[in-house]
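Trainee: So here's structure-v2.txt (compact mmCIF, C-alpha atoms).
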```txt
# COMPACT_ATOMS: atom_id res chain seq x y z
CA MET K 1 178.99 -86.83 -103.27
CA ARG K 2 178.11 -87.15 -99.60
CA GLY K 3 175.59 -84.77 -98.19
CA GLY K 4 176.62 -82.23 -100.81
CA ASP K 5 174.75 -79.13 -101.63
CA PRO K 6 173.73 -79.44 -105.31
CA ASP K 7 174.34 -75.72 -105.67
CA ASN K 8 177.83 -75.91 -104.04
CA PRO K 9 179.57 -79.18 -104.86
CA PHE K 10 182.75 -78.31 -102.96
CA ARG K 11 181.08 -77.89 -99.59
CA ALA K 12 181.11 -81.61 -98.85
CA LEU K 13 184.88 -81.71 -99.16
CA VAL K 14 185.57 -79.16 -96.37
CA ARG K 15 186.63 -80.80 -93.11
CA PRO K 16 184.63 -79.99 -90.04
CA GLU K 17 187.69 -78.54 -88.22
CA THR K 18 188.43 -76.31 -91.17
CA ASN K 19 184.83 -75.21 -91.25
CA ARG K 20 184.89 -74.20 -87.58
CA LEU K 21 188.13 -72.29 -88.06
CA ALA K 22 186.64 -70.45 -91.00
CA GLU K 23 183.62 -69.51 -88.93
CA GLN K 24 185.86 -68.18 -86.14
CA ILE K 25 187.86 -66.11 -88.61
CA HIS K 26 184.66 -64.82 -90.14
CA ASN K 27 183.25 -63.93 -86.77
CA ARG K 28 186.51 -62.24 -85.73
CA ASP K 29 186.57 -60.15 -88.89
CA THR K 30 182.95 -59.26 -88.39
CA ARG K 31 183.61 -58.11 -84.82
CA ARG K 32 186.63 -56.10 -85.96
CA HIS K 33 184.55 -54.26 -88.50
CA ARG K 34 181.71 -53.68 -86.08
CA SER K 35 183.99 -52.45 -83.24
CA TRP K 36 185.65 -49.91 -85.50
CA ARG K 37 182.28 -48.72 -86.65
CA GLU K 38 181.24 -48.26 -83.00
CA LEU K 39 184.53 -46.88 -81.67
CA TRP K 40 184.64 -43.90 -83.95
CA GLN K 41 181.55 -42.56 -82.16
CA ALA K 42 183.25 -42.45 -78.71
CA PRO K 43 185.71 -39.63 -79.42
CA THR K 44 182.95 -37.74 -81.13
CA LEU K 45 180.77 -38.01 -78.02
CA VAL K 46 183.65 -36.92 -75.78
CA ILE K 47 184.37 -33.92 -77.97
CA ALA K 48 180.67 -33.04 -78.11
CA ALA K 49 180.41 -33.30 -74.34
CA ALA K 50 183.44 -31.08 -73.91
CA LEU K 51 181.99 -28.54 -76.27
CA LEU K 52 178.68 -28.65 -74.40
CA VAL K 53 180.35 -28.12 -71.01
CA GLY K 54 182.46 -25.36 -72.46
CA GLY K 55 179.39 -23.74 -73.88
CA VAL K 56 177.56 -23.90 -70.56
CA SER K 57 180.60 -22.50 -68.76
CA THR K 58 180.83 -19.70 -71.24
CA MET K 59 177.16 -18.95 -70.74
CA VAL K 60 177.59 -18.94 -66.95
CA LEU K 61 180.70 -16.79 -67.07
CA SER K 62 179.21 -14.40 -69.53
CA LYS K 63 175.89 -14.07 -67.64
CA PRO K 64 175.71 -10.51 -66.24
CA GLN K 65 175.95 -10.24 -62.45
CA PRO K 66 173.12 -8.54 -60.55
CA ASP K 67 173.75 -4.84 -60.01
CA VAL K 68 173.93 -5.08 -56.22
CA GLN K 69 175.64 -1.71 -55.91
CA GLY K 70 172.88 -0.08 -57.95
CA MET K 71 170.20 -1.68 -55.78
CA VAL K 72 171.89 -0.45 -52.59
CA THR K 73 172.22 3.03 -54.09
CA ARG K 74 168.53 2.98 -54.94
CA ALA K 75 167.66 1.95 -51.37
CA GLU K 76 169.86 4.71 -49.94
CA GLY K 77 168.01 7.24 -52.06
CA LEU K 78 164.68 5.99 -50.76
CA VAL K 79 165.89 6.35 -47.18
CA GLU K 80 166.94 9.93 -47.89
CA SER K 81 163.53 10.53 -49.48
CA ASN K 82 161.88 9.35 -46.26
CA GLU K 83 160.53 6.16 -47.82
CA PRO K 84 161.94 3.51 -45.47
CA GLU K 85 159.42 0.79 -46.29
CA ARG K 86 160.23 0.86 -50.01
CA ALA K 87 163.94 0.90 -49.16
CA LEU K 88 163.54 -2.19 -46.98
CA GLU K 89 161.73 -4.03 -49.77
CA ILE K 90 164.82 -3.68 -51.96
CA LEU K 91 167.31 -4.40 -49.18
CA ASN K 92 165.49 -7.41 -47.73
CA ASP K 93 164.11 -9.06 -50.85
CA ARG K 94 166.73 -8.30 -53.50
CA VAL K 95 170.05 -7.46 -51.86
CA ARG K 96 170.22 -9.59 -48.73
CA PRO K 97 170.08 -12.97 -50.62
CA LEU K 98 173.16 -11.89 -52.61
CA LEU K 99 175.38 -10.61 -49.78
CA ALA K 100 177.44 -13.83 -49.58
CA GLU K 101 178.28 -13.80 -53.29
CA PRO K 102 182.01 -13.31 -54.03
CA TYR K 103 181.39 -10.31 -56.26
CA VAL K 104 179.77 -8.34 -53.40
CA THR K 105 182.50 -6.12 -51.98
CA ARG K 106 182.96 -5.17 -48.35
CA GLU K 107 182.03 -1.58 -49.13
CA ILE K 108 178.68 -2.72 -50.55
CA ARG K 109 178.06 -4.83 -47.44
CA GLN K 110 178.83 -1.79 -45.27
CA ARG K 111 176.38 0.34 -47.18
CA PHE K 112 173.73 -2.40 -47.05
CA HIS K 113 173.91 -2.72 -43.25
CA VAL K 114 173.92 1.05 -42.71
CA ALA K 115 171.03 1.63 -45.13
CA ARG K 116 169.02 -1.14 -43.47
CA ALA K 117 169.67 0.25 -39.98
CA ARG K 118 168.61 3.74 -41.07
CA ALA K 119 165.51 2.47 -42.86
CA ILE K 120 164.37 0.46 -39.84
CA SER K 121 165.08 3.40 -37.54
CA ASP K 122 163.04 5.75 -39.73
CA GLY K 123 160.25 3.19 -40.01
CA VAL K 124 160.05 2.82 -36.24
CA ARG K 125 159.77 6.59 -35.90
CA GLN K 126 157.21 7.02 -38.67
CA LEU K 127 154.95 4.20 -37.53
CA ASP K 128 155.52 4.85 -33.81
CA LEU K 129 156.46 1.21 -33.19
CA THR K 130 157.15 0.29 -29.58
CA GLY K 131 158.47 -3.28 -29.76
CA ASP K 132 162.09 -4.16 -29.03
CA ALA K 133 162.63 -6.41 -32.07
CA ASN K 134 163.26 -3.57 -34.49
CA HIS K 135 165.69 -1.88 -32.11
CA GLU K 136 167.57 -5.18 -31.86
CA ARG K 137 167.84 -5.20 -35.66
CA ILE K 138 169.05 -1.60 -35.74
CA ALA K 139 171.81 -2.33 -33.23
CA ASP K 140 172.74 -5.55 -35.02
CA GLU K 141 173.00 -3.87 -38.42
CA TYR K 142 175.24 -1.11 -37.10
CA VAL K 143 177.52 -3.64 -35.39
CA LYS K 144 177.80 -5.59 -38.66
CA ALA K 145 178.60 -2.40 -40.57
CA GLU K 146 181.36 -1.61 -38.07
CA GLY K 147 182.62 -5.16 -38.45
CA ASP K 148 183.03 -4.47 -42.16
CA GLY K 149 185.04 -1.33 -41.39
CA PHE K 150 182.36 1.37 -41.39
CA GLU K 151 182.88 4.35 -39.08
CA LEU K 152 179.55 5.55 -37.72
CA THR K 153 178.55 9.13 -38.39
CA ALA K 154 177.09 11.31 -35.63
CA ASP K 155 173.61 10.63 -37.00
CA ASP K 156 174.19 6.88 -37.03
CA THR K 157 175.61 6.97 -33.50
CA THR K 158 172.52 8.86 -32.36
CA ARG K 159 170.22 6.26 -33.91
CA LEU K 160 172.20 3.43 -32.37
CA VAL K 161 172.32 4.97 -28.88
CA ARG K 162 168.57 5.58 -28.88
CA SER K 163 167.98 1.92 -29.75
CA LEU K 164 170.43 0.80 -27.04
CA ILE K 165 168.60 2.94 -24.47
CA ARG K 166 165.28 1.48 -25.61
CA LEU K 167 166.74 -2.01 -25.10
CA SER K 168 168.02 -1.03 -21.61
CA ARG K 169 171.58 -1.71 -22.77
CA PHE K 170 172.72 1.28 -20.76
CA ASP K 171 176.41 0.40 -20.52
CA ASP K 172 176.66 0.09 -24.30
CA ALA K 173 174.86 3.42 -24.72
CA ILE K 174 177.14 5.14 -22.19
CA ALA K 175 180.20 3.92 -24.10
CA ARG K 176 178.88 5.42 -27.34
CA ILE K 177 177.73 8.86 -26.13
CA PRO K 178 181.22 10.35 -25.60
CA THR K 179 182.13 9.60 -29.22
CA LEU K 180 179.89 12.49 -30.20
CA GLY K 181 182.13 15.54 -30.37
CA ASP K 182 181.37 19.15 -29.51
CA GLU K 183 179.93 19.70 -32.97
CA SER K 184 177.16 17.36 -31.80
CA ALA K 185 177.04 18.68 -28.23
CA SER K 186 173.29 19.29 -28.17
CA VAL K 187 172.62 15.75 -29.35
CA ARG K 188 175.13 14.34 -26.84
CA VAL K 189 173.40 16.16 -23.98
CA SER K 190 169.96 15.11 -25.22
CA LEU K 191 171.00 11.45 -25.35
CA ARG K 192 172.40 11.56 -21.84
CA ARG K 193 169.16 13.13 -20.61
CA GLU K 194 167.19 10.36 -22.31
CA LEU K 195 169.46 7.79 -20.71
CA ILE K 196 168.98 9.25 -17.22
CA GLN K 197 165.21 9.32 -17.65
CA ALA K 198 165.20 5.72 -18.93
CA VAL K 199 167.29 4.50 -16.00
CA GLY K 200 165.00 6.30 -13.52
CA ASP K 201 164.86 4.67 -10.13
CA THR K 202 165.92 1.23 -11.40
CA ASN K 203 169.59 2.12 -10.90
CA ARG K 204 169.98 5.33 -8.92
CA GLN K 205 173.76 5.02 -8.77
CA LEU K 206 174.01 4.89 -12.56
CA ALA K 207 171.57 7.79 -12.92
CA ASP K 208 173.53 9.90 -10.43
CA GLU K 209 176.79 9.14 -12.23
CA GLN K 210 175.28 10.26 -15.52
CA LEU K 211 173.93 13.41 -13.90
CA LEU K 212 177.45 14.25 -12.75
CA GLU K 213 178.77 13.60 -16.27
CA LEU K 214 176.10 15.86 -17.67
CA ASP K 215 176.74 18.55 -15.08
CA ALA K 216 180.43 18.55 -16.03
CA ASP K 217 179.75 18.87 -19.77
CA PRO K 218 181.28 22.22 -20.85
CA MET K 219 178.77 22.51 -23.69
CA LEU K 220 175.74 22.34 -21.40
CA SER K 221 173.13 24.95 -22.27
CA VAL K 222 171.32 27.08 -19.67
CA GLU K 223 168.17 25.04 -20.21
CA ASP K 224 169.99 21.75 -19.71
CA ARG K 225 171.79 23.16 -16.67
CA ALA K 226 168.44 23.93 -15.04
CA TRP K 227 167.22 20.42 -15.86
CA VAL K 228 170.31 18.82 -14.27
CA VAL K 229 169.99 20.92 -11.10
CA ALA K 230 166.29 20.00 -10.86
CA ARG K 231 167.08 16.27 -11.06
CA GLN K 232 169.93 16.57 -8.53
CA THR K 233 167.69 18.55 -6.20
CA GLU K 234 165.04 15.84 -6.29
CA GLU K 235 167.70 13.27 -5.43
CA ARG K 236 169.03 15.34 -2.53
CA LEU K 237 165.56 15.96 -1.13
CA SER K 238 164.66 12.26 -1.32
CA ASN K 239 167.85 11.41 0.60
CA GLY K 240 167.34 14.09 3.28
CA TYR K 241 170.02 16.53 2.12
CA VAL K 242 167.63 19.46 2.33
CA GLU K 243 170.02 22.26 3.33
CA GLU K 244 172.42 21.21 0.58
CA ALA K 245 169.59 21.27 -1.93
CA ILE K 246 168.52 24.77 -0.87
CA ALA K 247 172.08 26.09 -1.10
CA ARG K 248 172.55 24.66 -4.59
CA LEU K 249 169.24 26.09 -5.81
CA LEU K 250 170.00 29.55 -4.47
CA ARG K 251 173.38 29.52 -6.23
CA THR K 252 171.89 28.25 -9.47
CA MET K 253 168.87 30.54 -9.89
CA PRO K 254 170.86 33.63 -11.01
CA ARG K 255 172.84 31.49 -13.47
CA VAL K 256 169.70 30.20 -15.20
CA ALA K 257 167.82 33.48 -15.37
CA SER K 258 167.65 33.17 -19.15
CA ALA K 259 166.17 29.67 -19.07
CA SER K 260 162.59 29.00 -20.15
CA PRO K 261 159.70 29.80 -17.77
CA GLU K 262 159.04 26.06 -17.45
CA ALA K 263 162.62 25.34 -16.31
CA ARG K 264 162.75 28.28 -13.87
CA GLY K 265 159.27 27.48 -12.57
CA GLU K 266 160.32 23.93 -11.74
CA LEU K 267 163.37 25.14 -9.79
CA LEU K 268 161.23 27.61 -7.79
CA MET K 269 158.74 24.85 -7.04
CA LEU K 270 161.55 22.59 -5.77
CA LEU K 271 162.89 25.43 -3.66
CA GLY K 272 159.43 25.75 -2.11
CA VAL K 273 159.37 22.00 -1.41
CA ALA K 274 162.79 22.25 0.24
CA TYR K 275 161.71 25.16 2.48
CA ALA K 276 158.57 23.24 3.44
CA GLN K 277 160.67 20.29 4.57
CA THR K 278 162.47 22.63 6.98
CA ASP K 279 159.11 23.95 8.21
CA ALA K 280 159.85 27.37 6.72
CA PHE K 281 156.28 27.53 5.38
CA ALA K 282 156.16 31.26 4.77
CA ASP K 283 159.28 31.09 2.59
CA ALA K 284 157.85 28.01 0.89
CA GLU K 285 154.58 29.80 0.06
CA LYS K 286 156.53 32.69 -1.44
CA GLN K 287 158.46 30.34 -3.75
CA PHE K 288 155.27 28.55 -4.81
CA ASP K 289 153.65 31.88 -5.66
CA ARG K 290 156.63 32.74 -7.86
CA ALA K 291 156.56 29.30 -9.45
CA MET K 292 152.87 29.52 -10.31
CA GLU K 293 153.49 32.78 -12.15
CA LEU K 294 155.67 30.81 -14.58
CA ILE K 295 154.10 27.37 -14.73
CA GLU K 296 151.10 27.03 -17.00
CA PRO K 297 148.23 24.50 -16.82
CA GLY K 298 149.05 21.33 -18.71
CA TRP K 299 152.77 21.40 -17.93
CA PRO K 300 154.08 18.39 -15.96
CA GLN K 301 154.98 20.60 -12.97
CA TYR K 302 151.55 22.26 -12.76
CA ALA K 303 149.68 19.65 -10.75
CA ARG K 304 152.58 19.04 -8.40
CA SER K 305 153.01 22.76 -7.75
CA LEU K 306 149.31 23.08 -6.79
CA PHE K 307 149.53 20.03 -4.54
CA GLU K 308 152.71 21.15 -2.75
CA ARG K 309 151.30 24.66 -2.29
CA GLY K 310 148.11 23.18 -0.86
CA ARG K 311 150.14 21.26 1.71
CA VAL K 312 151.94 24.44 2.74
CA LEU K 313 148.63 26.36 3.08
CA ALA K 314 147.23 23.52 5.17
CA SER K 315 150.28 23.80 7.45
CA LEU K 316 149.64 27.55 7.65
CA GLN K 317 146.10 26.86 8.91
CA ARG K 318 144.38 27.86 5.69
CA PRO K 319 142.48 24.65 4.97
CA VAL K 320 139.75 26.13 2.77
CA VAL K 321 142.19 27.45 0.15
CA ALA K 322 144.26 24.28 0.46
CA ARG K 323 141.17 22.14 -0.19
CA GLU K 324 140.34 24.16 -3.31
CA LEU K 325 143.82 23.53 -4.65
CA PHE K 326 143.49 19.81 -3.98
CA TYR K 327 140.21 19.75 -5.93
CA VAL K 328 141.95 21.37 -8.91
CA VAL K 329 144.72 18.76 -8.73
CA VAL K 330 142.21 15.91 -8.73
CA ALA K 331 140.29 17.42 -11.63
CA SER K 332 143.36 18.20 -13.73
```
Written as structure tokens, that's how I'd like the structure from this file.
Mentor:
Amino acid sequence: MRGGDPDNPFRALVRPETNRLAEQIHNRDTRRHRSWRELWQAPTLVIAAALLVGGVSTMVLSKPQPDVQGMVTRAEGLVESNEPERALEILNDRVRPLLAEPYVTREIRQRFHVARARAISDGVRQLDLTGDANHERIADEYVKAEGDGFELTADDTTRLVRSLIRLSRFDDAIARIPTLGDESASVRVSLRRELIQAVGDTNRQLADEQLLELDADPMLSVEDRAWVVARQTEERLSNGYVEEAIARLLRTMPRVASASPEARGELLMLLGVAYAQTDAFADAEKQFDRAMELIEPGWPQYARSLFERGRVLASLQRPVVARELFYVVVAS
């Protein structure tokens, strides 16, 4: 035998071509067996992956959503309990990051913005903060609440208007004040007074227009009526309408007889100033005497009344008494 294997005598008889073919068949069969062994794992992995994704989805879907409504309710309670800082901790740190979530309803967003505006407003009042930034936030929160369909209450309107006045957004404040009905007449009048005082001399036309609006308010109290007449008198005197100022004061005094001593004292003082400007010094001194019977030391009108009376006494050739009054004014 040629090149035979003593253990396999038939090997030497196999042709080389046949041997290669047998090897190919063997290799093919081997690959077939191996590929089937490997392929059965693929569907199993796919199924396992699907089960895993499904499990994660189920976990996500079944995970309880944060109780945003409960958190807002808690913050609202803290605002009502006069604890604005604690309310803001909940609203800023826990609720605000969740506002854009789809499960947060528009009603909850309304309540969030209103609660935040109220909490900031109360915090500003409690801590006596003077910066504009917080008032900007108050106005912004109320505008957002209205954008979500919230209708401001009288209390919320009052808070908003006070912030607008503080920010010198007078036109916006003026547009809001009339929305306060007669059931909130005292607040409406108070806000308009605050607006007029804030405008001051920076925009006399606007201040005069608001004085006319206030003067025409049918719910104006006697005290507020006296205040309006005092402000209008000052404006008339500064513009030279002295006779008109005197006539208005004389008509008004009987109508405000029940006003406070401070209010009536201021009107009498202004009447004395008006008489002095017409050189009717005797009449002016009489009105100052009446005013000083009502005005007490420490009131805003006290120093001015002494000063104006001193000027009248000086004009009446009584310089010694006038000088004593001037000393009191300087010392007060």
Trainee: In Å, how far is it from CA of Ala331 in chain K to CA of Gln232 in chain K?
Mentor: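 So the two atoms, CA of Ala331 in chain K and CA of Gln232 in chain K, lie 29.8 Å apart.
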Trainee: For a cut-off of 10 Å around (170.6, 12.1, -23.6), file coordinates, pick out all residues using all atoms listed in the file and list them as a list in words.
Mentor: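 Returned residue set, sorted by chain then number, is Thr158, Val161, Arg162, Ile165, Ala173, Ile174, Ile177, Ser186, Val187, Arg188, Val189, Ser190, Leu191, Arg192, Arg193, Glu194, Leu195, Ile196, Gln197, Ala198, Gln210 and Leu214 of chain K.
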Trainee: Go ahead and save the residues from that selection, with C-alpha atoms, as a PDB file, in the coordinates of the input.
Mentor:
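As written to disk, result-v8.pdb reads:
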```pdb
ATOM      1  CA  THR K 158     172.520   8.860 -32.360  1.00  0.00           C
ATOM      2  CA  VAL K 161     172.320   4.970 -28.880  1.00  0.00           C
ATOM      3  CA  ARG K 162     168.570   5.580 -28.880  1.00  0.00           C
ATOM      4  CA  ILE K 165     168.600   2.940 -24.470  1.00  0.00           C
ATOM      5  CA  ALA K 173     174.860   3.420 -24.720  1.00  0.00           C
ATOM      6  CA  ILE K 174     177.140   5.140 -22.190  1.00  0.00           C
ATOM      7  CA  ILE K 177     177.730   8.860 -26.130  1.00  0.00           C
ATOM      8  CA  SER K 186     173.290  19.290 -28.170  1.00  0.00           C
ATOM      9  CA  VAL K 187     172.620  15.750 -29.350  1.00  0.00           C
ATOM     10  CA  ARG K 188     175.130  14.340 -26.840  1.00  0.00           C
ATOM     11  CA  VAL K 189     173.400  16.160 -23.980  1.00  0.00           C
ATOM     12  CA  SER K 190     169.960  15.110 -25.220  1.00  0.00           C
ATOM     13  CA  LEU K 191     171.000  11.450 -25.350  1.00  0.00           C
ATOM     14  CA  ARG K 192     172.400  11.560 -21.840  1.00  0.00           C
ATOM     15  CA  ARG K 193     169.160  13.130 -20.610  1.00  0.00           C
ATOM     16  CA  GLU K 194     167.190  10.360 -22.310  1.00  0.00           C
ATOM     17  CA  LEU K 195     169.460   7.790 -20.710  1.00  0.00           C
ATOM     18  CA  ILE K 196     168.980   9.250 -17.220  1.00  0.00           C
ATOM     19  CA  GLN K 197     165.210   9.320 -17.650  1.00  0.00           C
ATOM     20  CA  ALA K 198     165.200   5.720 -18.930  1.00  0.00           C
ATOM     21  CA  GLN K 210     175.280  10.260 -15.520  1.00  0.00           C
ATOM     22  CA  LEU K 214     176.100  15.860 -17.670  1.00  0.00           C
TER      23      LEU K 214
END
```
Trainee: What are the closest atom pairs, with distances in Å to one decimal, for all residues of range 225-313 of chain K lying within 12 Å of range 200-205 of chain K? Consider only C-alpha atoms, order rows by chain and residue number, and present the result as JSON lines.
Mentor:
```
{"residue": "K:Arg231", "atom": "CA", "partner": "K:Gly200", "partner_atom": "CA", "distance": 10.5}
{"residue": "K:Gln232", "atom": "CA", "partner": "K:Arg204", "partner_atom": "CA", "distance": 11.2}
{"residue": "K:Glu234", "atom": "CA", "partner": "K:Asp201", "partner_atom": "CA", "distance": 11.8}
{"residue": "K:Glu235", "atom": "CA", "partner": "K:Arg204", "partner_atom": "CA", "distance": 9.0}
{"residue": "K:Arg236", "atom": "CA", "partner": "K:Arg204", "partner_atom": "CA", "distance": 11.9}
{"residue": "K:Ser238", "atom": "CA", "partner": "K:Arg204", "partner_atom": "CA", "distance": 11.6}
{"residue": "K:Asn239", "atom": "CA", "partner": "K:Arg204", "partner_atom": "CA", "distance": 11.5}
```
Trainee: Counting all atoms listed in the file, which residues in range 146-234 of chain K sit no more than 7 Å from range 248-269 of chain K? For each one, give the nearest pair of atoms and the distance in Å, sorted by chain then residue number, as JSON lines.
Mentor:
```
{"residue": "K:Val222", "atom": "CA", "partner": "K:Val256", "partner_atom": "CA", "distance": 5.7}
{"residue": "K:Glu223", "atom": "CA", "partner": "K:Ala259", "partner_atom": "CA", "distance": 5.2}
{"residue": "K:Ala226", "atom": "CA", "partner": "K:Ala263", "partner_atom": "CA", "distance": 6.1}
{"residue": "K:Trp227", "atom": "CA", "partner": "K:Ala263", "partner_atom": "CA", "distance": 6.8}
{"residue": "K:Ala230", "atom": "CA", "partner": "K:Leu267", "partner_atom": "CA", "distance": 6.0}
```
Trainee: CA of Val321 in chain K and CA of Leu306 in chain K, how far apart in Å?
Mentor: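 Those two atoms sit 10.9 Å apart.
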Trainee: Give me, as JSON lines, each residue of range 99-156 of chain K that comes within 8 Å of range 65-77 of chain K, together with its shortest interatomic pair and the distance in Å at one decimal, counting all atoms listed in the file, with rows ordered by chain and rising residue number.
Mentor:
```
{"residue": "K:Val104", "atom": "CA", "partner": "K:Val68", "partner_atom": "CA", "distance": 7.3}
{"residue": "K:Ile108", "atom": "CA", "partner": "K:Gln69", "partner_atom": "CA", "distance": 6.2}
{"residue": "K:Arg111", "atom": "CA", "partner": "K:Val72", "partner_atom": "CA", "distance": 7.1}
{"residue": "K:Phe112", "atom": "CA", "partner": "K:Val72", "partner_atom": "CA", "distance": 6.2}
{"residue": "K:Ala115", "atom": "CA", "partner": "K:Glu76", "partner_atom": "CA", "distance": 5.8}
```
Trainee: Using only C-alpha atoms, which residues sit within 12 Å of Arg311 in chain K once same-chain residues fewer than 3 positions away are excluded, as a list in words?
Mentor: Gly272, Val273, Ala276, Gln277, Asp279, Phe281, Ala284, Glu285, Phe288, Arg304, Ser305, Leu306, Phe307, Glu308, Ala314, Ser315, Leu316, Gln317, Arg318, Pro319, Val320, Val321, Ala322, Arg323, Glu324, Leu325 and Phe326 of chain K
Trainee: Using Å and a single decimal, report how far CA of Leu294 in chain K sits from CA of Gly240 in chain K.
Mentor: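 Between CA of Gly240 in chain K and CA of Leu294 in chain K the gap works out to 27.1 Å.
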Trainee: Return the single residue from K:Asp224, K:Pro64, K:Ala119, K:Thr153 that is closest to Leu78 in chain K, with distances computed using all atoms listed in the file.
Mentor: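 Closest candidate: K:Ala119.
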Trainee: I'd like to know which of K:Asp140, K:Glu243, K:Glu89, K:Glu101 is closest to Ala274 in chain K, using only C-alpha atoms.
Mentor: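 For Ala274 in chain K, the nearest of the given residues is K:Glu243.
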Trainee: For range 144-147 of chain K, please output as a ChimeraX atom specification all residues within 8 Å (counting all atoms listed in the file; exclusion window: fewer than 6 positions along the same chain).
Mentor: /K:109-111,113-114
Trainee: Between K:Leu313, K:Ala247, K:Val124, K:Leu180, which one has atoms that come closest to Ala282 in chain K, using all atoms listed in the file?
Mentor: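 Once distances to Ala282 in chain K are computed over all atoms listed in the file, the minimum belongs to K:Leu313.
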Trainee: Calculated over all atoms listed in the file, which of the candidates K:Asp156, K:Leu271, K:Asp217, K:Leu206 has the smallest distance to Lys286 in chain K?
Mentor: K:Leu271
